[in-house]
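Undergrad: So here's structure-v4.txt (compact mmCIF, C-alpha atoms).
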```txt
# COMPACT_ATOMS: atom_id res chain seq x y z
CA PRO A 251 -66.35 46.40 -52.21
CA TRP A 252 -69.39 45.19 -50.24
CA HIS A 253 -69.64 43.08 -47.10
CA LEU A 254 -72.52 41.32 -45.37
CA ASP A 255 -72.72 39.69 -41.96
CA GLN A 256 -75.02 39.76 -38.91
CA ASN A 257 -74.03 43.35 -38.12
CA THR A 258 -73.21 44.73 -41.57
CA GLU A 259 -75.33 45.90 -44.50
CA SER A 260 -74.27 47.18 -47.91
CA ILE A 261 -76.59 49.53 -49.78
CA LEU A 262 -75.97 51.26 -53.10
CA PHE A 263 -77.58 54.67 -53.63
CA LEU A 264 -77.97 55.94 -57.20
CA THR A 265 -79.32 59.38 -58.09
CA ASN A 266 -80.28 60.64 -61.52
CA GLU A 267 -79.49 64.37 -61.48
CA SER A 268 -80.92 65.06 -64.94
CA ASP A 269 -84.34 65.82 -66.40
CA LYS A 270 -84.30 62.65 -68.56
CA PRO A 271 -84.48 58.91 -67.79
CA ALA A 272 -81.02 57.41 -67.26
CA ARG A 273 -80.05 53.80 -67.99
CA ILE A 274 -77.52 52.22 -65.64
CA GLY A 275 -75.18 49.31 -66.27
CA PHE A 276 -75.00 47.26 -63.06
CA GLN A 277 -72.91 44.27 -62.01
CA VAL A 278 -72.34 42.40 -58.73
CA THR A 279 -69.34 40.09 -58.46
CA ALA A 280 -68.98 37.42 -55.76
CA ASN A 281 -66.89 34.23 -55.67
CA GLY A 282 -65.97 34.69 -59.32
CA ILE A 283 -69.62 34.92 -60.46
CA HIS A 284 -70.88 38.00 -62.32
CA TYR A 285 -74.51 38.97 -61.76
CA TYR A 286 -76.18 41.62 -63.94
CA LEU A 287 -79.24 43.82 -63.68
CA ILE A 288 -80.23 44.56 -67.27
CA GLN A 289 -83.24 46.86 -66.90
CA LEU A 290 -82.08 49.38 -64.30
CA LYS A 291 -83.41 52.80 -65.31
CA LEU A 292 -83.69 55.89 -63.11
CA GLN A 293 -86.44 58.38 -63.74
CA PRO A 294 -85.58 62.12 -63.72
CA HIS A 295 -84.21 63.14 -60.29
CA GLU A 296 -84.95 59.70 -58.85
CA THR A 297 -82.82 58.21 -56.07
CA ARG A 298 -82.77 54.42 -55.95
CA ALA A 299 -81.51 52.34 -53.00
CA ILE A 300 -80.32 48.83 -53.92
CA ASN A 301 -79.88 46.57 -50.90
CA ILE A 302 -77.18 43.99 -51.70
CA ARG A 303 -78.43 41.56 -49.05
CA GLN A 304 -81.94 41.58 -50.50
CA LEU A 305 -80.53 41.14 -53.97
CA ARG A 306 -78.45 38.16 -52.81
CA ASP A 307 -81.18 36.51 -50.73
CA ALA A 308 -83.79 36.76 -53.50
CA GLN A 309 -81.75 34.19 -55.50
CA LEU A 310 -83.23 35.36 -58.79
CA ALA A 311 -81.22 34.35 -61.85
CA ASP A 312 -80.03 37.00 -64.31
CA PHE A 313 -80.35 36.67 -68.10
CA ARG A 314 -77.37 34.29 -68.14
CA GLY A 315 -78.79 32.12 -65.38
CA ASN A 316 -76.30 33.38 -62.78
CA LYS A 317 -77.21 34.05 -59.15
CA ILE A 318 -75.30 35.84 -56.40
CA PRO A 319 -74.04 32.91 -54.27
CA ALA A 320 -76.40 32.54 -51.31
CA ALA A 321 -73.53 32.18 -48.84
CA ALA A 322 -71.44 35.05 -50.22
CA THR A 323 -70.40 37.62 -47.61
CA ASP A 324 -67.99 39.70 -49.70
CA GLY A 325 -67.78 40.95 -53.25
CA SER A 326 -67.77 44.03 -55.42
CA VAL A 327 -70.46 46.10 -57.10
CA SER A 328 -69.92 48.18 -60.24
CA TRP A 329 -72.19 50.64 -61.98
CA ILE A 330 -71.81 52.92 -64.98
CA ARG A 331 -73.89 55.39 -66.96
CA LEU A 332 -75.17 54.17 -70.32
CA ASP A 333 -76.43 57.64 -71.30
CA ASN A 334 -74.52 60.92 -71.26
CA LEU A 335 -76.44 62.18 -68.22
CA PRO A 336 -75.23 63.13 -64.72
CA VAL A 337 -75.71 60.23 -62.30
CA MET A 338 -74.31 60.04 -58.77
CA GLY A 339 -73.61 56.68 -57.14
CA ARG A 340 -72.43 55.83 -53.63
CA LEU A 341 -72.08 52.51 -51.81
CA MET A 342 -72.64 52.59 -48.05
CA VAL A 343 -71.28 49.72 -45.92
CA ILE A 344 -72.95 50.12 -42.53
CA THR A 345 -71.72 48.31 -39.40
CA ARG A 346 -74.28 48.53 -36.60
CA SER A 347 -72.09 47.39 -33.70
CA LYS A 348 -69.45 50.01 -34.51
CA ALA A 349 -71.99 52.73 -35.27
CA MET A 350 -70.09 53.68 -38.41
CA ALA A 351 -70.45 53.61 -42.17
CA SER A 352 -67.90 53.35 -44.95
CA SER A 353 -68.62 55.20 -48.17
CA TYR A 354 -67.23 54.25 -51.56
CA ASP A 355 -67.61 56.51 -54.58
CA CYS A 356 -65.29 55.95 -57.53
CA TYR A 357 -65.41 58.20 -60.57
CA THR A 358 -62.97 56.99 -63.19
CA CYS A 359 -64.91 57.40 -66.43
CA ASN A 360 -65.43 60.78 -68.05
CA CYS A 361 -67.73 59.21 -70.62
CA PRO A 362 -70.63 56.75 -70.40
CA ALA A 363 -70.18 53.14 -71.46
CA SER A 364 -70.04 52.52 -75.23
CA LEU A 365 -72.06 50.03 -77.25
CA ASN A 366 -69.83 47.01 -77.81
CA GLY A 367 -72.08 44.28 -79.23
CA VAL A 368 -75.54 42.74 -79.43
CA LEU A 369 -76.65 39.35 -78.11
CA ILE A 370 -79.89 37.42 -78.62
CA ASP A 371 -81.16 35.15 -75.87
CA PRO A 372 -81.45 32.24 -76.47
CA SER A 373 -78.53 32.00 -78.88
CA SER A 374 -80.05 28.90 -80.52
CA PHE A 375 -83.29 27.02 -80.05
CA GLY A 376 -85.76 24.59 -81.61
CA LEU A 377 -89.39 25.04 -82.60
CA ILE A 378 -92.23 23.15 -84.19
CA PRO A 379 -94.78 24.69 -86.56
CA ASN A 380 -97.13 27.14 -84.79
CA LEU A 381 -95.00 27.16 -81.63
CA THR A 382 -93.48 30.49 -80.55
CA MET A 383 -90.38 31.56 -78.65
CA ALA A 384 -89.94 34.97 -77.01
CA CYS A 385 -86.38 36.12 -77.73
CA THR A 386 -84.71 39.09 -76.06
CA CYS A 387 -82.00 41.45 -77.31
CA GLN A 388 -79.21 42.34 -74.89
CA ALA A 389 -76.96 45.25 -75.83
CA GLN A 390 -73.43 44.83 -74.49
CA PHE A 391 -71.62 47.94 -73.24
CA ILE A 392 -68.03 48.52 -72.20
CA GLY A 393 -66.72 51.28 -69.94
CA CYS A 394 -63.35 52.99 -69.70
CA ASN A 395 -62.30 50.47 -67.04
CA GLU A 396 -62.92 47.59 -69.51
CA MET A 397 -65.95 46.42 -67.51
CA TYR A 398 -68.69 44.81 -69.57
CA THR A 399 -72.34 45.29 -68.73
CA TYR A 400 -75.66 44.62 -70.45
CA TYR A 401 -79.02 46.24 -70.99
CA THR A 402 -82.24 44.84 -72.51
CA GLU A 403 -83.09 46.56 -75.80
CA THR A 404 -85.65 44.10 -77.20
CA ASP A 405 -88.24 46.77 -78.06
CA GLU A 406 -85.65 49.18 -79.50
CA ALA A 407 -84.00 46.60 -81.79
CA THR A 408 -84.97 45.85 -85.39
CA TRP A 409 -85.77 42.15 -85.86
CA SER A 410 -85.62 40.00 -89.01
CA SER A 411 -85.60 36.36 -90.16
CA SER A 412 -83.36 34.99 -92.90
CA ASN A 413 -86.04 32.51 -94.01
CA ILE A 414 -89.64 33.50 -93.32
CA SER A 415 -90.90 30.24 -94.87
CA VAL A 416 -89.30 28.44 -91.91
CA ALA A 417 -89.67 30.97 -89.06
CA THR A 418 -90.99 34.51 -88.71
CA VAL A 419 -90.17 37.11 -86.07
CA ASP A 420 -92.39 39.95 -84.84
CA ASN A 421 -90.89 43.40 -85.40
CA SER A 422 -93.91 45.46 -84.37
CA ASN A 423 -96.21 44.49 -81.49
CA ALA A 424 -94.46 41.67 -79.62
CA LYS A 425 -90.91 42.31 -80.78
CA GLY A 426 -88.60 39.31 -80.76
CA THR A 427 -91.38 36.70 -80.79
CA VAL A 428 -90.36 33.93 -83.21
CA GLU A 429 -92.93 31.53 -84.69
CA GLY A 430 -92.15 28.23 -86.40
CA ILE A 431 -93.72 27.88 -89.84
CA ALA A 432 -92.28 24.74 -91.48
CA ALA A 433 -89.36 22.35 -91.14
CA GLY A 434 -85.96 23.89 -91.83
CA SER A 435 -83.49 26.35 -90.34
CA ALA A 436 -83.31 30.13 -90.16
CA THR A 437 -81.22 32.88 -88.60
CA ILE A 438 -82.96 35.42 -86.40
CA ALA A 439 -81.21 38.82 -86.30
CA ALA A 440 -81.61 41.85 -84.05
CA SER A 441 -79.96 45.19 -84.94
CA TYR A 442 -79.56 47.96 -82.39
CA ALA A 443 -78.42 51.54 -82.95
CA GLY A 444 -76.25 52.94 -80.15
CA ILE A 445 -73.34 55.26 -79.46
CA ILE A 446 -69.61 54.86 -78.99
CA TYR A 447 -68.09 57.44 -76.61
CA TYR A 448 -64.46 58.52 -76.36
CA TRP A 449 -62.61 61.22 -74.46
CA ASN A 450 -60.80 63.61 -76.83
CA GLY A 451 -58.94 65.39 -74.04
CA TYR A 452 -61.50 68.16 -73.68
CA SER A 453 -64.94 66.62 -73.86
CA CYS A 454 -66.80 63.38 -74.45
CA ALA A 455 -67.06 62.82 -78.21
CA THR A 456 -69.55 60.45 -79.82
CA TYR A 457 -70.34 58.69 -83.03
CA PRO A 458 -73.37 56.50 -83.79
CA VAL A 459 -73.02 52.82 -84.59
CA THR A 460 -75.42 49.97 -85.37
CA MET A 461 -74.57 46.44 -84.28
CA THR A 462 -76.33 43.14 -84.97
CA GLY A 463 -76.67 39.90 -83.06
CA SER A 464 -78.04 36.60 -84.32
CA SER A 465 -79.62 33.37 -83.12
CA ASN A 466 -80.16 30.08 -84.94
CA VAL A 467 -83.56 28.39 -84.95
CA GLY A 468 -84.30 24.89 -86.20
CA VAL A 469 -87.92 23.97 -86.95
CA GLN A 470 -88.94 20.30 -86.89
CA SER A 471 -92.31 18.95 -87.97
CA PRO A 472 -93.72 16.26 -85.62
CA TYR A 473 -94.23 12.93 -87.40
CA ALA A 474 -94.32 10.04 -84.92
CA ALA A 475 -94.51 9.06 -81.28
CA VAL A 476 -91.94 6.32 -80.84
CA VAL A 477 -91.68 3.96 -77.86
CA VAL A 478 -88.21 4.33 -76.35
CA GLY A 479 -88.67 2.33 -73.15
CA THR A 480 -91.04 0.27 -71.02
CA ASN A 481 -91.33 1.47 -67.45
CA THR A 482 -93.77 -0.88 -65.72
CA GLN A 483 -96.13 -3.72 -66.57
CA GLY A 484 -98.34 -5.61 -64.17
CA ALA A 485 -101.67 -6.05 -62.46
CA ALA A 486 -103.77 -2.93 -62.12
CA VAL A 487 -107.29 -1.61 -61.67
CA CYS A 488 -108.63 -0.19 -64.91
CA PRO A 489 -110.11 3.32 -64.89
CA SER A 490 -113.50 1.65 -65.42
CA GLY A 491 -113.06 -0.20 -62.11
CA GLU A 492 -112.39 -3.62 -63.64
CA ALA A 493 -109.46 -5.75 -62.57
CA GLY A 494 -106.87 -6.04 -65.30
CA TRP A 495 -103.34 -5.32 -66.39
CA SER A 496 -101.54 -2.16 -67.31
CA ARG A 497 -98.42 -1.19 -69.17
CA THR A 498 -96.62 2.15 -68.90
CA VAL A 499 -94.27 3.05 -71.73
CA LYS A 500 -91.95 5.95 -72.43
CA LEU A 501 -92.33 7.68 -75.78
CA GLN A 502 -90.47 10.33 -77.72
CA LEU A 503 -91.73 12.80 -80.28
CA GLN A 504 -89.75 12.52 -83.53
CA ASP A 505 -89.70 14.19 -86.91
CA GLN A 506 -89.89 12.43 -90.29
CA SER A 507 -86.13 11.85 -90.33
CA GLY A 508 -86.25 10.05 -87.00
CA TYR A 509 -84.66 12.86 -85.01
CA GLY A 510 -86.01 13.56 -81.55
CA ILE A 511 -87.83 16.87 -81.07
CA ASN A 512 -86.29 17.97 -77.78
CA ILE A 513 -88.83 20.60 -76.81
CA ALA A 514 -90.68 20.73 -73.50
CA GLY A 515 -94.34 21.56 -73.05
CA ILE A 516 -95.80 20.06 -76.27
CA ASN A 517 -99.22 18.68 -75.41
CA MET A 518 -99.61 15.01 -76.39
CA ALA A 519 -102.87 13.03 -76.30
CA ASP A 520 -103.82 9.70 -77.85
CA SER A 521 -106.69 7.41 -78.71
CA ILE A 522 -106.50 3.68 -79.37
CA GLN A 523 -108.39 1.77 -82.04
CA VAL A 524 -108.74 -2.01 -81.69
CA GLY A 525 -110.38 -4.70 -83.76
CA SER A 526 -113.47 -6.75 -83.01
CA PRO A 527 -113.74 -8.39 -80.58
CA ASN A 528 -112.07 -5.72 -78.49
CA GLU A 529 -109.42 -7.70 -76.64
CA LEU A 530 -108.27 -4.62 -74.75
CA GLY A 531 -111.65 -4.20 -73.09
CA VAL A 532 -114.02 -1.29 -72.75
CA GLY A 533 -111.97 0.23 -69.96
CA ASN A 534 -109.01 1.02 -72.19
CA THR A 535 -108.00 4.61 -71.74
CA ARG A 536 -105.22 7.07 -72.42
CA THR A 537 -103.07 9.50 -70.47
CA ALA A 538 -104.60 12.70 -71.80
CA ASN A 539 -103.05 16.17 -71.79
CA THR A 540 -99.53 14.89 -71.21
CA ASN A 541 -96.76 17.37 -71.94
CA THR A 542 -93.32 16.53 -73.26
CA ASP A 543 -90.26 17.11 -71.09
CA SER A 544 -87.06 18.88 -72.21
CA LEU A 545 -86.01 15.73 -74.11
CA GLY A 546 -89.31 15.53 -75.97
CA THR A 547 -90.38 12.41 -74.03
CA TRP A 548 -93.39 11.47 -71.91
CA THR A 549 -95.05 8.39 -70.43
CA ASP A 550 -98.31 6.70 -71.43
CA THR A 551 -100.30 4.03 -69.63
CA TYR A 552 -102.81 1.70 -71.25
CA TYR A 553 -104.81 -1.20 -69.88
CA VAL A 554 -106.09 -4.69 -70.63
CA CYS A 555 -109.34 -4.71 -68.70
CA SER A 556 -109.45 -8.42 -68.08
CA THR A 557 -108.03 -10.70 -65.40
CA ALA A 558 -106.66 -13.03 -68.08
CA CYS A 559 -104.33 -12.45 -70.98
CA PRO A 560 -105.82 -12.38 -74.48
CA GLY A 561 -105.75 -15.80 -76.10
CA SER A 562 -102.59 -15.17 -78.12
CA GLY A 563 -100.65 -13.72 -75.20
CA GLU A 564 -100.58 -10.27 -76.74
CA SER A 565 -102.88 -7.66 -78.21
CA ASP A 566 -102.23 -5.28 -81.07
CA ALA A 567 -103.82 -1.88 -81.41
CA LEU A 568 -103.41 1.29 -83.43
CA GLN A 569 -102.54 4.34 -81.40
CA TYR A 570 -103.43 7.77 -82.82
CA TRP A 571 -101.45 10.64 -81.30
CA THR A 572 -102.08 14.35 -81.52
CA TRP A 573 -99.66 17.16 -80.65
CA SER A 574 -101.32 20.35 -79.42
CA GLY A 575 -104.54 19.09 -80.99
CA ARG A 576 -103.00 18.31 -84.41
CA PRO A 577 -102.75 14.68 -85.61
CA LEU A 578 -99.38 13.07 -86.17
CA PRO A 579 -98.97 11.75 -89.74
CA HIS A 580 -97.64 8.40 -88.49
CA VAL A 581 -99.90 5.90 -86.69
CA ASN A 582 -98.19 3.74 -84.06
CA ALA A 583 -98.94 0.07 -83.56
CA ILE A 584 -98.66 -0.81 -79.89
CA VAL A 585 -98.45 -4.34 -78.54
CA PHE A 586 -99.58 -5.29 -75.06
CA LYS A 587 -97.71 -8.44 -74.05
CA CYS A 588 -98.83 -10.33 -71.00
CA SER A 589 -97.49 -13.83 -71.69
CA SER A 590 -94.66 -13.25 -69.21
CA ILE A 591 -96.87 -11.89 -66.43
CA THR A 592 -97.27 -14.20 -63.45
CA ASN A 593 -99.78 -14.14 -60.65
CA ASP A 594 -97.63 -11.86 -58.54
CA GLY A 595 -97.81 -9.21 -61.24
CA LYS A 596 -94.16 -9.31 -62.29
```
Can you give me the file's structure in the form of structure tokens?
TA:
Amino acid sequence: PWHLDQNTESILFLTNESDKPARIGFQVTANGIHYYLIQLKLQPHETRAINIRQLRDAQLADFRGNKIPAAATDGSVSWIRLDNLPVMGRLMVITRSKAMASSYDCYTCNCPASLNGVLIDPSSFGLIPNLTMACTCQAQFIGCNEMYTYYTETDEATWSSSNISVATVDNSNAKGTVEGIAAGSATIAASYAGIIYYWNGYSCATYPVTMTGSSNVGVQSPYAAVVVGTNTQGAAVCPSGEAGWSRTVKLQLQDQSGYGINIAGINMADSIQVGSPNELGVGNTRTANTNTDSLGTWTDTYYVCSTACPGSGESDALQYWTWSGRPLPHVNAIVFKCSSITNDGK
């Protein structure tokens, strides 16, 4: 158990007593939340001090998105060897006002934790052609006290794709990096070779095992930018400095089947082509270098650079969109309506 208050600190000391690097499974529990360190490795004969207060106050999320609650004052910390190497661990709970320290050192496992499974993060995701996603492989371990812990084994895993015509995965230089190739679906797999330990009554016996985790990827090919809502319309100053009108619309990136591509960070830019005479005016512009949000949507503003509405009360134009510099196959027709605009701009 650990405790934190104005007078109390909790510090875990870990010492690798061997001549080889030692991986450590580490977990902090507070208010029912489990927080994991998944890359804790001690170099030969290294002693590491882990300050629980600093770990809590940093508010960094673990691979599952969990954080140690910022207001937590009590909890537990667990650690276990992942390699069959001698490691000593001791938690010190120091109370300044009482000039005393409590020491906790539990040794209940004769053997290190055993490999129990393999997870890929994220477990499912979407891509578009030429976009990449960096996946990680987390090996799950279980100790003799039934405590689960995790360790990142992305570089040690063997990666593969069930359909390389849809998505490929790097198994050499940047392991776990998935790239979208064409529309479709594929399963990304990561296999990791580990060890299962068991106590035979005299010593710690082992046998090797290989376990595999998988993740599903769906690749969508961008086809159209579809207007899904009008945000504002009214009087405005054109980018060219002329008085005029503007309209801001919300758009969504969709594939050829009309499904939204819910991926953030796709760069969208447009250009508008109008007939002659150009009713939209020379000051017409675009919102360039706009990125999609997590729903695959963004906003775009265009202008009528004139103080009066076009003669028909509306103007039509063709809007050409590109995603990350590549043209969308579908051309959108946008309509600027100003027949309902009054002098107060509503």
Undergrad: Calculate how many Å separate CA of Cys385 in chain A from CA of Pro472 in chain A, rounding to one decimal.
TA: 22.6 Å
Undergrad: CA of Asp307 in chain A to CA of Ala320 in chain A: how many Å, to one decimal?
TA: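 Separating CA of Asp307 in chain A from CA of Ala320 in chain A is a distance of 6.2 Å.
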Undergrad: If you count all atoms listed in the file, which residues fall within 8 Å of Cys359 in chain A, apart from same-chain ones fewer than 3 positions away, as a PyMOL selection string?
TA: chain A and resi 362+393-395
Undergrad: Could you work out how far CA of Thr402 in chain A lies from CA of Tyr286 in chain A, giving the answer in Å with one decimal?
TA: 11.0 Å
Undergrad: Edge lengths and centre in Å to one decimal, as JSON, of the axis-aligned box that encloses all listed atoms of range 271-286 of chain A with 6 Å added on every side?
TA:
```
{"center_x": -75.2, "center_y": 46.6, "center_z": -61.8, "size_x": 30.5, "size_y": 36.7, "size_z": 24.3}
```
Undergrad: Just checking: using only C-alpha atoms, which residue out of A:Thr386, A:Ser544, A:Asn481, A:Ser464 ends up closest to Phe313 in chain A?
TA: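 Closest candidate: A:Thr386.
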Undergrad: Just the residues within 12 Å of Tyr570 in chain A, please, counting all atoms listed in the file, with nothing from its chain fewer than 3 positions along; format it as a compact mmCIF listing (two decimals) with C-alpha atoms, keeping the file's coordinate frame.
TA:
```
# COMPACT_ATOMS: atom_id res chain seq x y z
CA TYR A 473 -94.23 12.93 -87.40
CA ALA A 474 -94.32 10.04 -84.92
CA ALA A 475 -94.51 9.06 -81.28
CA VAL A 476 -91.94 6.32 -80.84
CA MET A 518 -99.61 15.01 -76.39
CA ALA A 519 -102.87 13.03 -76.30
CA ASP A 520 -103.82 9.70 -77.85
CA SER A 521 -106.69 7.41 -78.71
CA ILE A 522 -106.50 3.68 -79.37
CA GLN A 523 -108.39 1.77 -82.04
CA VAL A 524 -108.74 -2.01 -81.69
CA ARG A 536 -105.22 7.07 -72.42
CA ALA A 567 -103.82 -1.88 -81.41
CA TRP A 573 -99.66 17.16 -80.65
CA GLY A 575 -104.54 19.09 -80.99
CA ARG A 576 -103.00 18.31 -84.41
CA PRO A 577 -102.75 14.68 -85.61
CA LEU A 578 -99.38 13.07 -86.17
CA PRO A 579 -98.97 11.75 -89.74
CA HIS A 580 -97.64 8.40 -88.49
CA VAL A 581 -99.90 5.90 -86.69
CA ASN A 582 -98.19 3.74 -84.06
CA ALA A 583 -98.94 0.07 -83.56
CA ILE A 584 -98.66 -0.81 -79.89
```
Undergrad: Using only C-alpha atoms for the distances, tell me which of A:Gly491, A:Gly367, A:Pro336, A:Gly430 is nearest to Gly463 in chain A.
TA: A:Gly367
Undergrad: Would you mind listing what lies within 12 Å of Gln293 in chain A as a PyMOL selection string, with all atoms listed in the file counted and same-chain residues fewer than 3 positions away left out?
TA: chain A and resi 264-274+290+296-298+335+337
Undergrad: Which one of A:Asn466, A:Thr480, A:Ser422, A:Thr456 sits closest to Pro372 in chain A if you count all atoms listed in the file?
TA: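 When distances to Pro372 in chain A are compared using all atoms listed in the file, the smallest one comes from A:Asn466.
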Undergrad: With all atoms listed in the file as the basis for distance, which of A:Ser352, A:Thr427, A:Asn512, A:Ser507 is at the shortest distance from Ser411 in chain A?
TA: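 That would be A:Thr427, the residue with the smallest distance to Ser411 in chain A.
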Undergrad: Give me the residues within 9 Å of Tyr447 in chain A as JSON, numbers by chain, counting all atoms listed in the file and dropping any in the same chain fewer than 3 places off.
TA: {"A": [361, 362, 363, 364, 365, 454, 455, 456, 457, 458]}
Undergrad: Between A:Ala407, A:Leu254, A:Val459, A:Ala424, which is the closest to Ile445 in chain A once you count all atoms listed in the file?
TA: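 Distance minimum relative to Ile445 in chain A lands on A:Val459.
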Undergrad: Got a sec: who's within 10 Å of Asn541 in chain A, counting only C-alpha atoms, leaving out chain neighbours fewer than 2 positions off, as a PyMOL selection string?
TA: chain A and resi 513-519+538-539+543-544+546-549+573-574
